[in-house]
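S.K.: This is data_5.cif, which holds mmCIF, C-alpha atoms:
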```cif
data_data
#
loop_
_atom_site.label_atom_id
_atom_site.label_comp_id
_atom_site.auth_asym_id
_atom_site.auth_seq_id
_atom_site.Cartn_x
_atom_site.Cartn_y
_atom_site.Cartn_z
CA MET A 1 65.31 101.61 39.76
CA GLU A 2 61.88 100.18 40.75
CA ILE A 3 63.23 96.77 41.85
CA ASN A 4 65.82 98.31 44.18
CA LYS A 5 63.12 100.50 45.78
CA GLN A 6 60.93 97.44 46.33
CA ILE A 7 63.87 95.50 47.82
CA GLU A 8 64.59 98.36 50.24
CA LYS A 9 60.91 98.52 51.24
CA ALA A 10 60.88 94.73 51.70
CA LYS A 11 63.94 95.01 53.97
CA GLN A 12 61.81 97.36 56.08
CA GLY A 13 59.11 94.69 56.29
CA ASP A 14 56.71 96.17 53.69
CA GLN A 15 54.24 93.40 52.69
CA VAL A 16 53.28 95.12 49.42
CA ALA A 17 56.96 95.12 48.41
CA PHE A 18 57.25 91.41 49.28
CA THR A 19 54.23 90.68 47.11
CA PHE A 20 55.69 92.75 44.26
CA LEU A 21 58.99 90.83 44.43
CA LEU A 22 57.21 87.47 44.65
CA ASN A 23 55.08 88.27 41.60
CA HIS A 24 57.99 89.78 39.67
CA TYR A 25 60.43 86.88 40.19
CA TRP A 26 58.11 83.85 40.64
CA ASN A 27 58.14 82.70 37.00
CA GLU A 28 61.91 83.02 36.69
CA VAL A 29 62.65 80.96 39.82
CA TYR A 30 59.88 78.45 39.09
CA GLY A 31 61.02 78.06 35.46
CA PHE A 32 64.60 77.52 36.56
CA MET A 33 63.58 74.83 39.07
CA LEU A 34 61.20 73.18 36.61
CA LYS A 35 64.12 72.68 34.19
CA ARG A 36 66.23 71.22 37.00
CA THR A 37 63.62 68.95 38.59
CA GLU A 38 61.39 68.20 35.57
CA ASN A 39 58.54 67.96 38.09
CA GLU A 40 55.93 70.72 38.54
CA THR A 41 55.11 69.87 42.15
CA ASN A 42 58.77 69.78 43.25
CA ALA A 43 59.53 72.96 41.32
CA GLU A 44 56.60 74.70 42.99
CA ASP A 45 57.52 73.47 46.49
CA ILE A 46 61.13 74.56 46.01
CA THR A 47 60.01 77.96 44.70
CA ILE A 48 57.73 78.49 47.71
CA GLU A 49 60.54 77.50 50.08
CA THR A 50 62.95 79.78 48.19
CA PHE A 51 60.78 82.87 48.62
CA SER A 52 60.12 81.91 52.22
CA LYS A 53 63.86 81.77 52.96
CA ALA A 54 64.57 84.90 50.89
CA PHE A 55 61.99 86.95 52.77
CA ASP A 56 63.24 85.64 56.13
CA LYS A 57 66.80 86.65 55.22
CA ILE A 58 66.19 89.69 53.02
CA ALA A 59 68.18 91.88 55.42
CA THR A 60 71.30 89.91 54.41
CA TYR A 61 70.79 90.56 50.67
CA ASN A 62 73.82 92.33 49.17
CA SER A 63 72.78 94.77 46.43
CA GLU A 64 76.11 94.27 44.60
CA PHE A 65 74.48 91.14 43.22
CA GLN A 66 71.36 90.87 41.08
CA PHE A 67 68.30 89.97 43.17
CA ASN A 68 67.33 87.16 40.77
CA THR A 69 70.85 85.68 41.05
CA TRP A 70 70.47 85.68 44.83
CA LEU A 71 67.06 83.97 44.57
CA ILE A 72 68.41 81.32 42.18
CA ALA A 73 71.30 80.60 44.58
CA ILE A 74 68.78 80.08 47.39
CA ALA A 75 66.67 77.85 45.11
CA LYS A 76 69.70 75.69 44.28
CA ASN A 77 70.44 75.24 47.99
CA VAL A 78 66.81 74.37 48.77
CA HIS A 79 66.91 71.79 45.95
CA ILE A 80 70.15 70.27 47.27
CA ASP A 81 68.66 70.09 50.79
CA LEU A 82 65.56 68.38 49.39
CA LEU A 83 67.68 65.80 47.54
CA ARG A 84 69.70 65.12 50.71
CA LYS A 85 66.52 64.61 52.74
CA LYS A 86 65.13 62.21 50.14
CA LYS A 87 68.37 60.26 50.11
CA SER A 88 68.69 60.04 53.89
CA SER A 89 65.11 59.04 54.65
CA LEU A 90 63.21 56.06 53.32
CA PHE A 91 61.17 57.86 50.72
CA VAL A 92 57.52 56.81 50.65
CA GLU A 93 55.71 57.23 47.35
CA ILE A 94 52.20 58.64 47.57
CA THR A 95 49.62 56.29 46.13
CA ASP A 96 46.81 57.43 43.84
CA GLU A 97 44.37 56.72 46.66
CA GLN A 98 46.25 59.06 49.04
CA ASP A 99 46.42 61.64 46.27
CA GLN A 100 42.67 61.40 45.81
CA GLN A 101 42.14 61.83 49.56
CA ALA A 102 44.21 65.01 49.42
CA TYR A 103 41.96 66.30 46.61
CA ASN A 104 38.83 65.44 48.57
CA ILE A 105 40.07 67.21 51.69
CA ALA A 106 40.92 70.33 49.70
CA ASP A 107 37.49 70.29 48.03
CA THR A 108 35.35 70.32 51.17
CA THR A 109 32.56 72.84 50.82
CA PRO A 110 32.70 75.79 53.26
CA SER A 111 29.86 76.70 55.62
CA ALA A 112 29.48 80.24 57.01
CA GLU A 113 31.35 82.46 54.59
CA ASP A 114 28.52 84.32 52.83
CA GLU A 115 29.52 87.62 54.48
CA LEU A 116 33.14 87.13 53.41
CA ILE A 117 32.42 87.07 49.71
CA THR A 118 30.29 89.97 48.57
CA GLU A 119 31.36 90.67 45.02
CA GLN A 120 31.78 87.10 43.74
CA ASN A 121 28.92 84.58 43.65
CA LEU A 122 29.89 81.85 46.15
CA SER A 123 29.29 78.82 43.93
CA GLN A 124 31.18 80.52 41.10
CA LEU A 125 34.05 81.39 43.45
CA LEU A 126 34.24 77.78 44.63
CA GLN A 127 34.48 76.65 40.99
CA PHE A 128 37.40 79.06 40.50
CA ILE A 129 39.08 77.79 43.67
CA LYS A 130 38.77 74.21 42.38
CA GLU A 131 40.90 75.23 39.39
CA LEU A 132 43.83 75.86 41.74
CA LYS A 133 46.26 73.09 42.66
CA PRO A 134 45.19 71.18 45.81
CA HIS A 135 47.76 72.78 48.14
CA TYR A 136 46.57 76.25 47.09
CA GLN A 137 42.92 75.20 47.50
CA GLU A 138 43.75 74.05 51.01
CA VAL A 139 45.37 77.27 52.24
CA ILE A 140 42.59 79.41 50.70
CA GLN A 141 39.97 77.20 52.30
CA LEU A 142 41.63 77.25 55.73
CA ARG A 143 42.28 81.00 55.68
CA TYR A 144 39.07 82.38 54.21
CA PHE A 145 36.42 79.74 54.86
CA GLN A 146 37.59 78.33 58.19
CA GLU A 147 39.06 81.73 59.15
CA MET A 148 42.25 80.24 60.60
CA SER A 149 45.22 82.45 61.44
CA TYR A 150 48.48 81.99 59.52
CA GLN A 151 49.93 80.22 62.56
CA GLU A 152 46.94 77.85 62.85
CA ILE A 153 47.30 76.97 59.16
CA ALA A 154 51.06 76.39 59.61
CA ASN A 155 50.33 74.01 62.50
CA LYS A 156 47.54 72.22 60.63
CA ILE A 157 49.51 71.57 57.43
CA ASP A 158 52.81 71.16 59.31
CA GLU A 159 54.75 73.80 57.36
CA PRO A 160 56.72 76.86 58.45
CA LEU A 161 54.71 80.08 58.90
CA SER A 162 56.67 81.84 56.14
CA ASN A 163 55.76 79.06 53.64
CA VAL A 164 52.08 79.49 54.52
CA LYS A 165 52.31 83.23 53.84
CA ILE A 166 53.99 82.66 50.46
CA LYS A 167 51.44 79.98 49.49
CA LEU A 168 48.56 82.32 50.36
CA LEU A 169 50.09 85.21 48.39
CA ARG A 170 50.56 82.93 45.41
CA ALA A 171 47.10 81.36 45.74
CA LYS A 172 45.42 84.78 45.85
CA LYS A 173 47.33 85.95 42.77
CA LEU A 174 46.42 82.79 40.81
CA LEU A 175 42.79 83.01 41.91
CA ALA A 176 42.59 86.66 40.85
CA GLU A 177 44.04 85.71 37.45
CA ILE A 178 41.44 82.94 37.02
CA ILE A 179 38.61 85.34 37.90
CA GLN A 180 39.98 88.00 35.50
CA ASN A 181 40.26 85.48 32.66
CA LYS A 182 36.69 84.25 33.17
CA ARG A 183 35.14 87.73 33.09
#
```
How would this structure read if it were set down as structure tokens?

M.R.:
Amino acid sequence: MEINKQIEKAKQGDQVAFTFLLNHYWNEVYGFMLKRTENETNAEDITIETFSKAFDKIATYNSEFQFNTWLIAIAKNVHIDLLRKKKSSLFVEITDEQDQQAYNIADTTPSAEDELITEQNLSQLLQFIKELKPHYQEVIQLRYFQEMSYQEIANKIDEPLSNVKIKLLRAKKLLAEIIQNKR
């Protein structure tokens, strides 16, 4: 079966297989978490963290179980951890002003990337990027316009390296879909 082949390749560290699994199971895990959290941002964050953990621990996956069942189990644990963290720390709500600042930071116009983008008109590409959620705009901007390494991005946004990789994979897929739909 195709999925099992991709899982085996992913266990060997094949990036294409990781991307295939991410794309294949994203909606299922995200949909499950959206029902549980009733919050798009939390559902998305949990889904990113879930794939991050799954890819870090894919060698431990037992093929007697369905892969999606394994992912959902990880997602539930990530959600429980998130709830514990919120309970144990004094949770600070983000104000609209802080939210707006986050948007502004993600929207900063790039400088020397003309060589990077050959096929797509730069101003048009920037419009497409602005259609992404702010955290996806940010990783795209840092990776492709500021040419930061994955590790530099992880340090800058204070997230684990594996989360950065998942966010970039997801951002590129969403951006490609936007471009396809506009053509």

S.K.: Quote the spacing between atom CA of Ala43 of chain A and atom CA of Tyr30 of chain A in Å to one decimal place.

M.R.: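 A separation of 5.9 Å between them.
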
S.K.: Mind telling me what the PyMOL selection byres ((chain A and resi 47-55) around 8) catches here, as a PyMOL selection string?

M.R.: chain A and resi 10+18+22+26+29-30+33+43-46+56-58+71+74-75+78+162-163+166-167

S.K.: List the spatial neighbours of Arg183 of chain A as a PDB file with C-alpha atoms, in the frame of the given file - criterion: any atom at most 12 Å away, all atoms listed in the file, same-chain residues fewer than 6 positions off excluded.

M.R.:
```pdb
ATOM      1  CA  GLN A 120      31.780  87.100  43.740  1.00  0.00           C
ATOM      2  CA  GLN A 124      31.180  80.520  41.100  1.00  0.00           C
ATOM      3  CA  PHE A 128      37.400  79.060  40.500  1.00  0.00           C
ATOM      4  CA  ALA A 176      42.590  86.660  40.850  1.00  0.00           C
ATOM      5  CA  GLU A 177      44.040  85.710  37.450  1.00  0.00           C
TER       6      GLU A 177
END
```

S.K.: Which neighbours of Tyr136 of chain A fall inside 8 Å, counting all atoms listed in the file, when residues of the same chain fewer than 3 positions from it are skipped, and could you give them as a PyMOL selection string?

M.R.: chain A and resi 132-133+139-140+167-168+170-171

S.K.: Report the distance between atom CA of Ala59 of chain A and atom CA of Tyr25 of chain A in Å, rounded to one decimal place.

M.R.: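 Result for atom CA of Ala59 of chain A versus atom CA of Tyr25 of chain A: 17.8 Å, one decimal.
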
S.K.: Using the chain letters and numbers from the file, give me the residues hit by the PyMOL selection byres ((chain A and resi 150) around 12), as a list in words.

M.R.: Val139, Ile140, Leu142, Arg143, Tyr144, Gln146, Glu147, Met148, Ser149, Gln151, Glu152, Ile153, Ala154, Asn155, Lys156, Ile157, Asp158, Glu159, Pro160, Leu161, Ser162, Asn163, Val164, Lys165, Ile166, Lys167, Leu168 and Leu169 of chain A

S.K.: What does the distance between atom CA of Lys86 of chain A and atom CA of Asn23 of chain A come to in Å, to one decimal place?

M.R.: 29.2 Å

S.K.: Just want the 9 Å neighbourhood of segment 60-63 of chain A, counted on all atoms listed in the file, with same-chain residues fewer than 5 positions away dropped. Output as a list of chain:residue names.

M.R.: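 Selected residues are A:Asn4, A:Ile7, A:Lys11, A:Ala54, A:Trp70.
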
S.K.: Could you pull the residues within 12 Å of Gln6 of chain A, counting all atoms listed in the file, minus those fewer than 5 positions along the same chain, as a list in words?

M.R.: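 What passes the distance filter is Met1, Lys11, Gln12, Gly13, Asp14, Gln15, Val16, Ala17, Phe18, Thr19, Phe20, Leu21, Leu22, Asn23, His24, Ile58 and Phe67 of chain A.
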
S.K.: Using only C-alpha atoms, which of A:Lys87, A:Asn68, A:Asn39, A:Leu34 sits nearest Ile3 of chain A?

M.R.: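 Using only C-alpha atoms, the shortest distance to Ile3 of chain A belongs to A:Asn68.
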
S.K.: Using only the atoms of segment 173-182 of chain A listed in the file, plus 8 Å on each side, state the axis-aligned box centre and edge lengths in Å rounded to one decimal, as AutoDock Vina command-line options.

M.R.:
```
--center_x 42.0 --center_y 85.4 --center_z 37.7 --size_x 26.6 --size_y 21.2 --size_z 26.1
```
